[in-house]
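K.L.:
Shown below is the structure under consideration.
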There are 2 protein chains.
Amino acid sequence: MLCGMGEFDLIARYFTRPTARAVLGVGDDCALLQPAPGTQLAISSDMLVEGRHFFADVGPAALGHKALAVNLSDLAACGAKPLAFTLALSLPRADEAWLAGFSQGLFTLADAHGCELVGGDTTQGPLNICITVFGEVPVVNGKSQALLRSGARPGDDVYVSGTLGDARLALEALRGAVILPHGLLAQARQRLERPTPRVALGQALRGIASAAIDVSDGLLGDLRHILRASGAGATLDTAIAINLIATSQSADWAGAGIDPERQLAYTLAGGDDYELAFTAPASARDAVQAAALQAQTPVSRIGRIDADPGLRLLDAAGAPMQRRYASFDHFA
Amino acid sequence: MLCGMGEFDLIARYFTRPTARAVLGVGDDCALLQPAPGTQLAISSDMLVEGRHFFADVGPAALGHKALAVNLSDLAACGAKPLAFTLALSLPRADEAWLAGFSQGLFTLADAHGCELVGGDTTQGPLNICITVFGEVPVVNGKSQALLRSGARPGDDVYVSGTLGDARLALEALRGAVILPHGLLAQARQRLERPTPRVALGQALRGIASAAIDVSDGLLGDLRHILRASGAGATLDTAIAINLIATSQSADWAGAGIDPERQLAYTLAGGDDYELAFTAPASARDAVQAAALQAQTPVSRIGRIDADPGLRLLDAAGAPMQRRYASFDHFA
């Protein structure tokens with residue numbers, strides 16, 4: 001249902017490229033994909049809406065990057081290798097500069113991950129970007145190697161990749177709630193607008209991690225999804241979390257007047273981080289570090305899975321904390 | 001990225017059902033699909049926007065039906081068997097009556113085709129419905145059985161399924177451009193709001209049709225896509241088209257004051273019909289009729305493919321017609 005209207009031909013041109021791996025790409029009623037024998041297809045869909053997932057004045061290249069990145073992050077959380085994606089786009093008008101920027105940001109990230117555009121739809125309407133992404137997961141001896149949310153077991157370690165909190169810091173600064181020095185804002189904004197999906201780490205953790213999820217709504221909220229699916233609880237050491245996670249920024253954050261309480265809130269429940277939170281048996285600590293090294297992505301051990309339901313936070317003295325952190329609500 | 005906001009939990013509840021065939025459905029980072037050995041996956045994505053693809057006051061059950069139907073129609077045009085779909089939904093607010101109606105219309109059609117919801121996304125924003133659908137196409141002796149747009153050859157017959165023009169007639173009536181008696185409006189509106197994807201016919205035509213497309217933008221416009229992809233032209237007998245295609249309505253249409261000129265325009269270029277236009281060698285006429293019978297879907301032979309590029313229309317006397325028909329522009 002690609003519209004044949006004059007200006008929308010322009011849009012189609014920006015998004016029609018030859019496909020390498022797909023049997024048939026953009027330009028027929030369907031795209032055709034032939035997954036390799038012995039593999040499953042992992043599928044995820046995300047819709048980005050102006051004002052909720054991005055500001056109206058965000059750069060189009062950053063938006064193209066982010067729209068695909070949040071989808072690749074879902075593949076990473078399943079340990080899937082990216083293959084292809086479809087793009088459905090509703091635009092108020094066909095603005096050539098916007099299309100050039102958006103497609104450049106989109107395809108630069110797609111090419112970096114060997115993920116090709118195989119189909120989609122363009123229409124006129126309020127700005128809306130819907131991407132559905134496809135990845136490949138091996139099946140070994142009849143068992144899927146996909147990382148699920150449901151495999152965490154008592155005694156497992158809890159890990160998170162990279163750093164957390166910058167995206168929320170940037171969001172608050174862009175909203176005017178905090179004022180940041182130029183360098184810190186630029187650094188944090190990069191994390192908000194051009195998140196790095198942890199695709200290599202997800203694949204490296206296949207057969208090692210017992211459960212995984214990507215951190216889109218905030219670490220604690222997303223970890224709760226793992227706990228619910230696994231029928232377990234967890235205890236997190238917030239002193240480790242705050243020290244290990246925000247280590248490179250904490251001095252700068254304090255300098256910008258972000259008090260320790262807010263640092264912890266942004267780190268634990270900031271959202272839009274697109275890191276991986278995952279669990280693994282204590283016996284797999286060396287394997288986790290080897291996977292992190294292979295994927296060139298730092299990971300931090302921040303707690304353990306318990307048989308008792310619920311999520312317990314320990315402060316620097318090892319005492320239980322009472323404070324509750326709400327899940328990230330995007331821009332709401 | 002399912003939002004955890006209170007009222008949006010309601011939405012998630014309406015769209016979370018157990019999956020039968022998918023390895024893993026709604027509720028993890030990705031859905032997992034394992035296509036049968038020796039098959040390809042056909043994929044299509046359509047985005048529906050209020051004011052362009054449907055009126056603001058359309059019934060939610062009809063909208064749920066249509067959002068999936070237009071996607072199933074793309075699978076039909078490829079000869080694919082429906083397997084699964086993802087739904088990304090942007091809604092201004094979580095209105096329970098609307099959600100109940102929409103999901104009922106959606107799932108009734110999905111269940112009729114054994115097509116299960118495996119994932120998606122919900123967010124708050126202007127009403128937008130994005131469905132990505134997955135179907136299965138067999139590969140026989142290394143050759144895909146998918147129906148493509150590119151296989152039409154000079155001498156092939158041109159066919160169209162069912163009837164054309166009702167959707168456009170209803171659209172013009174709802175816009176106030178024509179006034180129809182109640183019975184005719186109800187009948188035409190059914191075709192606009194609850195189109196029937198020709199899924200069984202598409203599958204029955206595998207190995208018989210040389211090219212196929214679904215008629216979403218109008219017969220002539222969509223047929224031109226086949227001609228362009230096949231490097232061919234075609235000659236259509238408009239007397240056959242108007243007589244065979246709109247036969248059950250033409251008396252009613254005339255009675256409602258729709259002159260023959262407009263009848264022909266709605267039929268040839270009305271749009272939103274979701275019938276199949278296809279080509280097949282003249283030697284396959286019996287096979288085409290057998291496929292139509294098997295699929296319980298009438299088909300009409302309306303012309304032939306020529307080596308000369310371009311689309312020629314012949315009038316009732318067999319003389320070339322000069323009139324040009326613009327492609328359907330949805331609501332633009």
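Scheme for the structure tokens: letters A, B, ... for chains in order shown; per-chain residue numbers from 1; ligand numbers from 1 in order shown.
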Which residues of chain B are close to chain A, meaning at most 7 Å apart when you count only C-alpha atoms, and how do they look as a PyMOL selection string?
P.N.:
chain B and resi 1+5+28-34+40-47+49+74-75+77-78+86+88+119-121+125-126+130+148-149+213+216+329
K.L.:
Just write the chosen residues, N, CA and C atoms, as a CSV table (one decimal), in the first residue's frame.
P.N.:
chain,number,residue,atom,x,y,z
B,1,MET,N,8.9,-2.6,24.2
B,1,MET,CA,8.6,-1.2,24.7
B,1,MET,C,7.1,-1.0,25.0
B,5,MET,N,2.3,2.2,31.8
B,5,MET,CA,1.4,3.1,32.4
B,5,MET,C,0.0,2.5,32.6
B,28,ASP,N,7.7,-11.2,25.7
B,28,ASP,CA,9.2,-11.2,25.8
B,28,ASP,C,9.7,-10.1,24.9
B,29,ASP,N,11.0,-10.0,24.8
B,29,ASP,CA,11.5,-8.9,24.0
B,29,ASP,C,11.2,-9.2,22.5
B,30,CYS,N,11.3,-10.4,22.1
B,30,CYS,CA,10.9,-10.8,20.7
B,30,CYS,C,9.9,-12.0,20.7
B,31,ALA,N,9.2,-12.1,19.6
B,31,ALA,CA,8.5,-13.3,19.4
B,31,ALA,C,9.4,-14.2,18.6
B,32,LEU,N,9.2,-15.5,18.7
B,32,LEU,CA,10.0,-16.5,18.0
B,32,LEU,C,9.2,-17.3,17.1
B,33,LEU,N,9.5,-17.3,15.8
B,33,LEU,CA,8.8,-18.1,14.8
B,33,LEU,C,9.8,-19.1,14.1
B,34,GLN,N,9.3,-20.3,13.9
B,34,GLN,CA,10.2,-21.3,13.3
B,34,GLN,C,9.4,-21.8,12.0
B,40,GLN,N,9.6,-20.5,2.7
B,40,GLN,CA,10.1,-19.1,2.9
B,40,GLN,C,9.0,-18.3,3.7
B,41,LEU,N,9.5,-17.3,4.3
B,41,LEU,CA,8.6,-16.4,5.0
B,41,LEU,C,8.3,-15.2,4.2
B,42,ALA,N,7.0,-15.0,3.9
B,42,ALA,CA,6.5,-13.7,3.2
B,42,ALA,C,6.1,-12.7,4.3
B,43,ILE,N,6.6,-11.5,4.1
B,43,ILE,CA,6.4,-10.4,5.1
B,43,ILE,C,5.8,-9.2,4.5
B,44,SER,N,4.8,-8.6,5.1
B,44,SER,CA,4.3,-7.3,4.6
B,44,SER,C,3.9,-6.4,5.8
B,45,SER,N,4.0,-5.1,5.6
B,45,SER,CA,3.7,-4.2,6.6
B,45,SER,C,2.8,-3.1,6.1
B,46,ASP,N,1.7,-2.8,6.8
B,46,ASP,CA,0.8,-1.7,6.3
B,46,ASP,C,0.5,-0.8,7.5
B,47,MET,N,0.5,0.5,7.3
B,47,MET,CA,0.2,1.5,8.4
B,47,MET,C,-1.1,2.2,8.0
B,49,VAL,N,-3.8,5.2,8.9
B,49,VAL,CA,-3.9,6.5,9.6
B,49,VAL,C,-5.3,7.1,9.5
B,74,ASP,N,-2.0,-8.7,1.1
B,74,ASP,CA,-0.7,-8.7,0.6
B,74,ASP,C,-0.1,-10.1,0.6
B,75,LEU,N,-0.4,-10.9,1.6
B,75,LEU,CA,0.0,-12.3,1.6
B,75,LEU,C,-0.7,-13.1,0.5
B,77,ALA,N,-1.7,-12.0,-2.3
B,77,ALA,CA,-1.1,-11.6,-3.6
B,77,ALA,C,0.2,-12.3,-3.8
B,78,CYS,N,0.8,-12.8,-2.8
B,78,CYS,CA,2.1,-13.6,-2.9
B,78,CYS,C,1.8,-15.1,-2.9
B,86,THR,N,2.3,-9.0,13.9
B,86,THR,CA,2.6,-8.1,15.0
B,86,THR,C,1.7,-6.9,14.9
B,88,ALA,N,1.4,-2.8,16.1
B,88,ALA,CA,1.8,-1.6,16.9
B,88,ALA,C,0.7,-0.6,16.8
B,119,GLY,N,3.2,-10.4,18.8
B,119,GLY,CA,4.0,-9.3,19.4
B,119,GLY,C,3.5,-8.0,19.0
B,120,GLY,N,4.1,-7.0,19.5
B,120,GLY,CA,3.8,-5.6,19.1
B,120,GLY,C,4.1,-4.6,20.2
B,121,ASP,N,3.4,-3.5,20.1
B,121,ASP,CA,3.8,-2.3,20.9
B,121,ASP,C,2.5,-1.5,21.0
B,125,GLY,N,-0.7,8.4,21.4
B,125,GLY,CA,-0.4,9.3,20.3
B,125,GLY,C,-1.6,9.4,19.4
B,126,PRO,N,-1.5,10.1,18.3
B,126,PRO,CA,-2.5,10.1,17.3
B,126,PRO,C,-2.8,8.7,16.8
B,130,CYS,N,-0.3,-0.1,12.9
B,130,CYS,CA,0.7,-0.7,12.0
B,130,CYS,C,0.8,-2.2,12.3
B,148,LEU,N,4.8,-13.4,-7.8
B,148,LEU,CA,5.5,-12.1,-7.9
B,148,LEU,C,4.8,-11.2,-8.9
B,149,ARG,N,5.2,-10.0,-8.9
B,149,ARG,CA,4.6,-9.1,-9.9
B,149,ARG,C,5.3,-9.2,-11.2
B,213,ILE,N,-1.0,-9.3,-7.9
B,213,ILE,CA,-0.9,-8.2,-7.1
B,213,ILE,C,-2.3,-8.0,-6.4
B,216,SER,N,-5.3,-2.5,-4.3
B,216,SER,CA,-5.5,-1.6,-3.2
B,216,SER,C,-5.7,-0.1,-3.7
B,329,ASP,N,-6.2,7.7,-4.7
B,329,ASP,CA,-5.4,8.5,-3.8
B,329,ASP,C,-5.8,8.3,-2.3
K.L.:
Excluding A:Gln289 and residues on its chain fewer than 5 positions from it, collect all residues at most 10 Å away from it, counting only C-alpha atoms, and give them as a list of chain:residue names.
P.N.:
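Selected residues are A:Leu205, A:Ala284, A:Gln294, A:Ala295, A:Thr297, A:Pro298, A:Val299, A:Ser300.
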K.L.:
Store the residues picked out above in a file with N, CA and C atoms, as an mmCIF file, in the first residue's frame.
P.N.:
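Listed below is the output, result_12.cif:
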data_model
loop_
_atom_site.group_PDB
_atom_site.id
_atom_site.type_symbol
_atom_site.label_atom_id
_atom_site.label_comp_id
_atom_site.auth_asym_id
_atom_site.auth_seq_id
_atom_site.Cartn_x
_atom_site.Cartn_y
_atom_site.Cartn_z
ATOM 1 N N LEU A 205 26.256 -13.860 24.784
ATOM 2 C CA LEU A 205 25.697 -14.407 26.028
ATOM 3 C C LEU A 205 24.823 -15.643 25.802
ATOM 4 N N ALA A 284 29.174 -19.215 36.073
ATOM 5 C CA ALA A 284 29.460 -18.714 34.718
ATOM 6 C C ALA A 284 30.156 -17.349 34.738
ATOM 7 N N GLN A 294 34.699 -10.343 24.468
ATOM 8 C CA GLN A 294 34.496 -10.656 23.049
ATOM 9 C C GLN A 294 33.631 -9.593 22.381
ATOM 10 N N ALA A 295 32.600 -9.130 23.107
ATOM 11 C CA ALA A 295 31.674 -8.141 22.552
ATOM 12 C C ALA A 295 32.175 -6.714 22.763
ATOM 13 N N THR A 297 32.126 -4.953 25.337
ATOM 14 C CA THR A 297 31.084 -4.226 26.066
ATOM 15 C C THR A 297 31.244 -4.515 27.549
ATOM 16 N N PRO A 298 31.546 -3.502 28.363
ATOM 17 C CA PRO A 298 31.703 -3.763 29.798
ATOM 18 C C PRO A 298 30.395 -4.220 30.433
ATOM 19 N N VAL A 299 30.489 -5.132 31.390
ATOM 20 C CA VAL A 299 29.307 -5.534 32.158
ATOM 21 C C VAL A 299 29.648 -5.436 33.645
ATOM 22 N N SER A 300 28.629 -5.154 34.469
ATOM 23 C CA SER A 300 28.830 -5.022 35.913
ATOM 24 C C SER A 300 27.888 -5.972 36.633
#
K.L.:
DSSP on the backbone, alpha helix (DSSP H) only: what residues of stretch 83-331 of chain B does that give? Format it as a ChimeraX atom specification.
P.N.:
/B:96-112,166-175,182-193,199-204,219-230,238-240,250-255,260-269,285-294
K.L.:
Give me a file of those residues, with C-alpha atoms, as a tab-separated table (two decimals), in the first residue's frame.
P.N.:
chain	number	residue	atom	x	y	z
B	96	GLU	CA	-12.32	0.21	26.76
B	97	ALA	CA	-15.34	0.04	24.42
B	98	TRP	CA	-13.12	0.94	21.48
B	99	LEU	CA	-10.49	-1.64	22.47
B	100	ALA	CA	-13.11	-4.35	22.93
B	101	GLY	CA	-14.58	-3.67	19.46
B	102	PHE	CA	-11.23	-3.30	17.71
B	103	SER	CA	-9.78	-6.49	19.18
B	104	GLN	CA	-12.98	-8.42	18.42
B	105	GLY	CA	-12.89	-7.39	14.74
B	106	LEU	CA	-9.16	-8.07	14.54
B	107	PHE	CA	-9.18	-11.48	16.19
B	108	THR	CA	-12.30	-12.74	14.40
B	109	LEU	CA	-10.52	-12.28	11.06
B	110	ALA	CA	-7.20	-13.53	12.46
B	111	ASP	CA	-8.81	-16.71	13.79
B	112	ALA	CA	-10.62	-17.33	10.50
B	166	ASP	CA	-18.06	-0.75	-4.27
B	167	ALA	CA	-15.44	0.57	-1.85
B	168	ARG	CA	-15.01	3.75	-3.87
B	169	LEU	CA	-18.78	4.14	-4.24
B	170	ALA	CA	-19.13	3.95	-0.45
B	171	LEU	CA	-16.28	6.39	0.05
B	172	GLU	CA	-17.91	8.94	-2.27
B	173	ALA	CA	-21.24	8.49	-0.49
B	174	LEU	CA	-19.64	8.96	2.95
B	175	ARG	CA	-17.89	12.06	1.62
B	182	HIS	CA	-29.87	2.79	2.24
B	183	GLY	CA	-29.54	-0.80	0.97
B	184	LEU	CA	-26.94	0.03	-1.66
B	185	LEU	CA	-24.94	2.17	0.76
B	186	ALA	CA	-24.93	-0.60	3.37
B	187	GLN	CA	-23.74	-3.13	0.78
B	188	ALA	CA	-21.03	-0.86	-0.61
B	189	ARG	CA	-19.92	0.25	2.83
B	190	GLN	CA	-19.42	-3.37	3.86
B	191	ARG	CA	-16.89	-3.69	1.03
B	192	LEU	CA	-15.11	-0.47	2.08
B	193	GLU	CA	-14.97	-1.23	5.78
B	199	VAL	CA	-6.22	-15.64	0.85
B	200	ALA	CA	-7.53	-19.00	-0.39
B	201	LEU	CA	-7.42	-17.87	-4.02
B	202	GLY	CA	-3.83	-16.66	-3.73
B	203	GLN	CA	-2.71	-20.05	-2.43
B	204	ALA	CA	-4.78	-21.93	-5.04
B	219	LEU	CA	-7.17	-1.98	-10.85
B	220	LEU	CA	-5.37	0.03	-13.53
B	221	GLY	CA	-2.76	1.48	-11.19
B	222	ASP	CA	-1.99	-1.86	-9.62
B	223	LEU	CA	-1.94	-3.64	-12.97
B	224	ARG	CA	0.66	-1.10	-14.10
B	225	HIS	CA	2.90	-2.35	-11.27
B	226	ILE	CA	2.72	-5.84	-12.79
B	227	LEU	CA	3.44	-4.45	-16.27
B	228	ARG	CA	6.42	-2.42	-15.06
B	229	ALA	CA	7.88	-5.35	-13.07
B	230	SER	CA	7.30	-7.74	-15.99
B	238	THR	CA	-13.55	-2.43	-20.53
B	239	ALA	CA	-16.89	-3.75	-21.77
B	240	ILE	CA	-16.04	-7.10	-20.23
B	250	SER	CA	-24.75	-1.83	-12.26
B	251	ALA	CA	-28.55	-1.61	-12.36
B	252	ASP	CA	-28.61	-0.31	-8.77
B	253	TRP	CA	-25.79	2.09	-9.50
B	254	ALA	CA	-27.63	3.47	-12.54
B	255	GLY	CA	-30.78	3.76	-10.44
B	260	PRO	CA	-21.79	4.82	-16.87
B	261	GLU	CA	-18.69	7.00	-17.05
B	262	ARG	CA	-18.41	7.14	-13.27
B	263	GLN	CA	-19.26	3.43	-12.94
B	264	LEU	CA	-16.29	2.66	-15.16
B	265	ALA	CA	-14.01	5.02	-13.24
B	266	TYR	CA	-14.93	3.50	-9.87
B	267	THR	CA	-14.49	0.01	-11.27
B	268	LEU	CA	-11.18	0.54	-13.02
B	269	ALA	CA	-9.57	3.02	-10.64
B	285	ARG	CA	-7.54	-21.32	-18.30
B	286	ASP	CA	-8.99	-24.55	-16.94
B	287	ALA	CA	-6.53	-24.55	-14.05
B	288	VAL	CA	-7.47	-20.95	-13.18
B	289	GLN	CA	-11.17	-21.84	-13.12
B	290	ALA	CA	-10.43	-24.91	-10.98
B	291	ALA	CA	-8.45	-22.74	-8.54
B	292	ALA	CA	-11.32	-20.23	-8.41
B	293	LEU	CA	-13.76	-23.03	-7.71
B	294	GLN	CA	-11.52	-24.51	-5.02
K.L.:
Please, what distance in Å, to one decimal, runs between atom CA of A:Asp157 and atom CA of A:Thr196?
P.N.:
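Result for atom CA of A:Asp157 versus atom CA of A:Thr196: 23.6 Å, one decimal.
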K.L.:
If you run DSSP on the backbone, which residues of stretch 72-311 of chain B are strand (DSSP E or B), as a PyMOL selection string?
P.N.:
chain B and resi 81-91+116-124+128-140+143-144+157-161+211-215+233-237+275-280+299-306+310-311
K.L.:
With only C-alpha atoms as the atoms that count, which of A:Ala84, A:Ala307, A:Leu63, A:Thr163 lies nearest to A:Gly271?
P.N.:
A:Thr163
K.L.:
For B:Gly303, find every residue with an atom within 6 Å (counting only C-alpha atoms), except residues of its own chain fewer than 2 positions away, and show them as a compact mmCIF listing (two decimals) with C-alpha atoms, in the first residue's frame.
P.N.:
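Contents of around.txt, freshly written:
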# COMPACT_ATOMS: atom_id res chain seq x y z
CA ASP B 157 -4.53 -13.66 -19.82
CA VAL B 158 -5.34 -10.93 -17.28
CA THR B 235 -4.95 -4.60 -23.38
CA LEU B 236 -8.13 -4.62 -21.29
CA ASP B 237 -11.65 -5.01 -22.59
K.L.:
Please report the interatomic distance between atom CA of A:Ile302 and atom CA of A:Ala256 in Å with one decimal.
P.N.:
25.9 Å
K.L.:
Find the residue from A:Ile258, A:Cys115, A:Ala67, A:Leu276 that sits nearest to A:Ser161; use only C-alpha atoms when measuring.
P.N.:
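Going through A:Ile258, A:Cys115, A:Ala67, A:Leu276 one by one, the smallest distance to A:Ser161 is for A:Leu276.
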